[in-house]
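Undergrad: This is the structure I want to talk about, given as structure tokens.
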Amino acid sequence: MPNGSVEGRVLREDGTPYYVQLAAIIRRRIADETWTIGERLPTLKHLVATFGVSPMTVRHALAGLEQEGLIRAERGRGTFVTAKPD
């Protein structure tokens, strides 16, 4: 459940899984160039704190975005934007 942070309130409690909502937020930020191609995303710990969700929820959202080809995780370096959504 969101922890009451400003970002956390963005996540709705309408039955849509949090990981789906979080992936949509990240996808939107890539599309509007808040995060540009080649830029490193915030850390897992930062995303957990920002959105008030569990680490597993963030990992699930990021895994879906990686499968879409929008981001790439590099062990020991971070997760980077690789493409904009269509």
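The chains in the structure tokens are called A, B, ... from first to last as shown; in each chain the residues are counted from 1, and the ligands are counted from 1 in the order shown.
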Excluding A:Leu11 and any residue of its chain fewer than 6 positions from it, enumerate the residues within 10 Å of it, using only C-alpha atoms, and give them as an mmCIF file with all heavy atoms, in the first residue's frame.

TA:
data_model
loop_
_atom_site.group_PDB
_atom_site.id
_atom_site.type_symbol
_atom_site.label_atom_id
_atom_site.label_comp_id
_atom_site.auth_asym_id
_atom_site.auth_seq_id
_atom_site.Cartn_x
_atom_site.Cartn_y
_atom_site.Cartn_z
ATOM 1 N N MET A 1 0.842 -1.166 0.000
ATOM 2 C CA MET A 1 0.000 0.000 0.000
ATOM 3 C C MET A 1 0.892 1.235 0.000
ATOM 4 O O MET A 1 1.911 1.254 0.646
ATOM 5 C CB MET A 1 -0.899 0.006 1.240
ATOM 6 C CG MET A 1 -1.730 1.269 1.278
ATOM 7 S SD MET A 1 -2.789 1.561 2.679
ATOM 8 C CE MET A 1 -3.705 0.127 2.899
ATOM 9 N N PRO A 2 0.487 2.313 -0.714
ATOM 10 C CA PRO A 2 1.292 3.514 -0.734
ATOM 11 C C PRO A 2 1.509 4.053 0.657
ATOM 12 O O PRO A 2 0.659 3.945 1.531
ATOM 13 C CB PRO A 2 0.460 4.489 -1.581
ATOM 14 C CG PRO A 2 -0.410 3.615 -2.421
ATOM 15 C CD PRO A 2 -0.680 2.406 -1.576
ATOM 16 N N PRO A 17 -3.145 -3.864 -10.421
ATOM 17 C CA PRO A 17 -1.940 -4.169 -9.638
ATOM 18 C C PRO A 17 -0.968 -2.983 -9.629
ATOM 19 O O PRO A 17 -0.815 -2.281 -10.633
ATOM 20 C CB PRO A 17 -1.329 -5.364 -10.373
ATOM 21 C CG PRO A 17 -2.462 -5.984 -11.105
ATOM 22 C CD PRO A 17 -3.371 -4.850 -11.484
ATOM 23 N N TYR A 18 -0.321 -2.782 -8.500
ATOM 24 C CA TYR A 18 0.626 -1.670 -8.363
ATOM 25 C C TYR A 18 1.755 -1.762 -9.378
ATOM 26 O O TYR A 18 2.208 -0.750 -9.900
ATOM 27 C CB TYR A 18 1.198 -1.601 -6.953
ATOM 28 C CG TYR A 18 0.233 -1.108 -5.907
ATOM 29 C CD1 TYR A 18 0.339 -1.533 -4.594
ATOM 30 C CD2 TYR A 18 -0.781 -0.220 -6.212
ATOM 31 C CE1 TYR A 18 -0.529 -1.086 -3.616
ATOM 32 C CE2 TYR A 18 -1.666 0.234 -5.252
ATOM 33 C CZ TYR A 18 -1.539 -0.199 -3.953
ATOM 34 O OH TYR A 18 -2.396 0.255 -2.995
ATOM 35 N N TYR A 19 2.221 -2.978 -9.680
ATOM 36 C CA TYR A 19 3.330 -3.080 -10.628
ATOM 37 C C TYR A 19 2.916 -2.603 -12.018
ATOM 38 O O TYR A 19 3.719 -2.015 -12.746
ATOM 39 C CB TYR A 19 3.925 -4.501 -10.676
ATOM 40 C CG TYR A 19 3.126 -5.509 -11.468
ATOM 41 C CD1 TYR A 19 3.380 -5.709 -12.817
ATOM 42 C CD2 TYR A 19 2.123 -6.260 -10.867
ATOM 43 C CE1 TYR A 19 2.661 -6.635 -13.550
ATOM 44 C CE2 TYR A 19 1.396 -7.185 -11.582
ATOM 45 C CZ TYR A 19 1.666 -7.364 -12.924
ATOM 46 O OH TYR A 19 0.942 -8.274 -13.647
ATOM 47 N N VAL A 20 1.664 -2.814 -12.400
ATOM 48 C CA VAL A 20 1.153 -2.344 -13.693
ATOM 49 C C VAL A 20 1.088 -0.810 -13.690
ATOM 50 O O VAL A 20 1.496 -0.160 -14.658
ATOM 51 C CB VAL A 20 -0.243 -2.951 -13.987
ATOM 52 C CG1 VAL A 20 -0.877 -2.317 -15.221
ATOM 53 C CG2 VAL A 20 -0.133 -4.460 -14.144
ATOM 54 N N GLN A 21 0.601 -0.250 -12.580
ATOM 55 C CA GLN A 21 0.526 1.203 -12.465
ATOM 56 C C GLN A 21 1.919 1.830 -12.475
ATOM 57 O O GLN A 21 2.151 2.854 -13.135
ATOM 58 C CB GLN A 21 -0.209 1.595 -11.183
ATOM 59 C CG GLN A 21 -1.665 1.180 -11.166
ATOM 60 C CD GLN A 21 -2.338 1.606 -9.889
ATOM 61 O OE1 GLN A 21 -2.295 2.782 -9.535
ATOM 62 N NE2 GLN A 21 -2.961 0.668 -9.197
ATOM 63 N N LEU A 22 2.849 1.223 -11.748
ATOM 64 C CA LEU A 22 4.208 1.746 -11.668
ATOM 65 C C LEU A 22 4.888 1.679 -13.038
ATOM 66 O O LEU A 22 5.549 2.632 -13.458
ATOM 67 C CB LEU A 22 5.013 0.976 -10.625
ATOM 68 C CG LEU A 22 6.451 1.434 -10.407
ATOM 69 C CD1 LEU A 22 6.518 2.911 -10.039
ATOM 70 C CD2 LEU A 22 7.101 0.586 -9.308
ATOM 71 N N ILE A 25 3.671 4.528 -15.112
ATOM 72 C CA ILE A 25 4.272 5.809 -14.705
ATOM 73 C C ILE A 25 5.680 5.930 -15.289
ATOM 74 O O ILE A 25 6.045 6.963 -15.855
ATOM 75 C CB ILE A 25 4.293 5.937 -13.168
ATOM 76 C CG1 ILE A 25 2.881 6.106 -12.629
ATOM 77 C CG2 ILE A 25 5.188 7.101 -12.737
ATOM 78 C CD1 ILE A 25 2.761 5.935 -11.125
ATOM 79 N N PHE A 51 7.582 5.514 -4.239
ATOM 80 C CA PHE A 51 6.230 5.063 -4.543
ATOM 81 C C PHE A 51 5.566 4.288 -3.413
ATOM 82 O O PHE A 51 4.387 3.960 -3.502
ATOM 83 C CB PHE A 51 6.232 4.237 -5.832
ATOM 84 C CG PHE A 51 6.528 5.077 -7.044
ATOM 85 C CD1 PHE A 51 7.797 5.121 -7.574
ATOM 86 C CD2 PHE A 51 5.546 5.855 -7.627
ATOM 87 C CE1 PHE A 51 8.086 5.912 -8.670
ATOM 88 C CE2 PHE A 51 5.811 6.651 -8.720
ATOM 89 C CZ PHE A 51 7.091 6.689 -9.243
ATOM 90 N N GLY A 52 6.299 3.984 -2.362
ATOM 91 C CA GLY A 52 5.701 3.315 -1.211
ATOM 92 C C GLY A 52 5.235 1.908 -1.510
ATOM 93 O O GLY A 52 4.199 1.472 -1.006
ATOM 94 N N VAL A 53 5.996 1.205 -2.344
ATOM 95 C CA VAL A 53 5.648 -0.175 -2.682
ATOM 96 C C VAL A 53 6.816 -1.076 -2.296
ATOM 97 O O VAL A 53 7.887 -0.598 -1.933
ATOM 98 C CB VAL A 53 5.321 -0.325 -4.186
ATOM 99 C CG1 VAL A 53 4.061 0.447 -4.543
ATOM 100 C CG2 VAL A 53 6.489 0.119 -5.056
#

Undergrad: Taking only chain A into account, list the residues labelled strand (DSSP E or B) by DSSP (computed from the backbone), as an MDAnalysis selection string.

TA: chainID A and resid 40 71:74 78:81

Undergrad: Using only C-alpha atoms for the distances, tell me which of A:His60, A:Gln67, A:Trp35, A:Ala49 is nearest to A:Phe80.

TA: A:Trp35

Undergrad: One decimal, in Å: what's the spacing between atom CA of A:Ala23 and atom CA of A:Gly64?

TA: 7.4 Å

Undergrad: Restricting the calculation to only C-alpha atoms: of A:Ala24, A:Asp14, A:Thr43, A:Ala31, which residue gets closest to A:Gly76?

TA: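 The answer is A:Thr43, which sits nearest to A:Gly76.
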
Undergrad: Given the choices A:Leu62, A:Met56, A:Arg12, A:Ala83, which gets closest to A:Ile26 if the distance is worked out from only C-alpha atoms?

TA: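 Between A:Leu62, A:Met56, A:Arg12, A:Ala83, the residue approaching A:Ile26 most closely is A:Leu62.
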
Undergrad: Between A:Lys45, A:Lys84, A:Arg27, A:Arg77, which is the closest to A:Val58 once you count only C-alpha atoms?

TA: A:Lys45

Undergrad: Atom CA of A:Pro55 and atom CA of A:Asp86, how far apart in Å?

TA: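 Computed distance, atom CA of A:Asp86 to atom CA of A:Pro55, equals 27.3 Å.
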
Undergrad: Nearest to A:Leu47: which of A:Ile30, A:Leu65, A:Arg59, A:Leu70 is it, counting only C-alpha atoms?

TA: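 Among A:Ile30, A:Leu65, A:Arg59, A:Leu70, it is A:Arg59 that comes nearest to A:Leu47.
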
Undergrad: If you run DSSP on the backbone, which residues of chain A are alpha helix (DSSP H), as an NGL selection string?

TA: :A and (18-31 or 44-51 or 55-67)

Undergrad: Quick one, how far is atom CA of A:Asp32 from atom CA of A:Thr16?

TA: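 Taking atom CA of A:Asp32 as the start and atom CA of A:Thr16 as the end point, the length is 22.8 Å.
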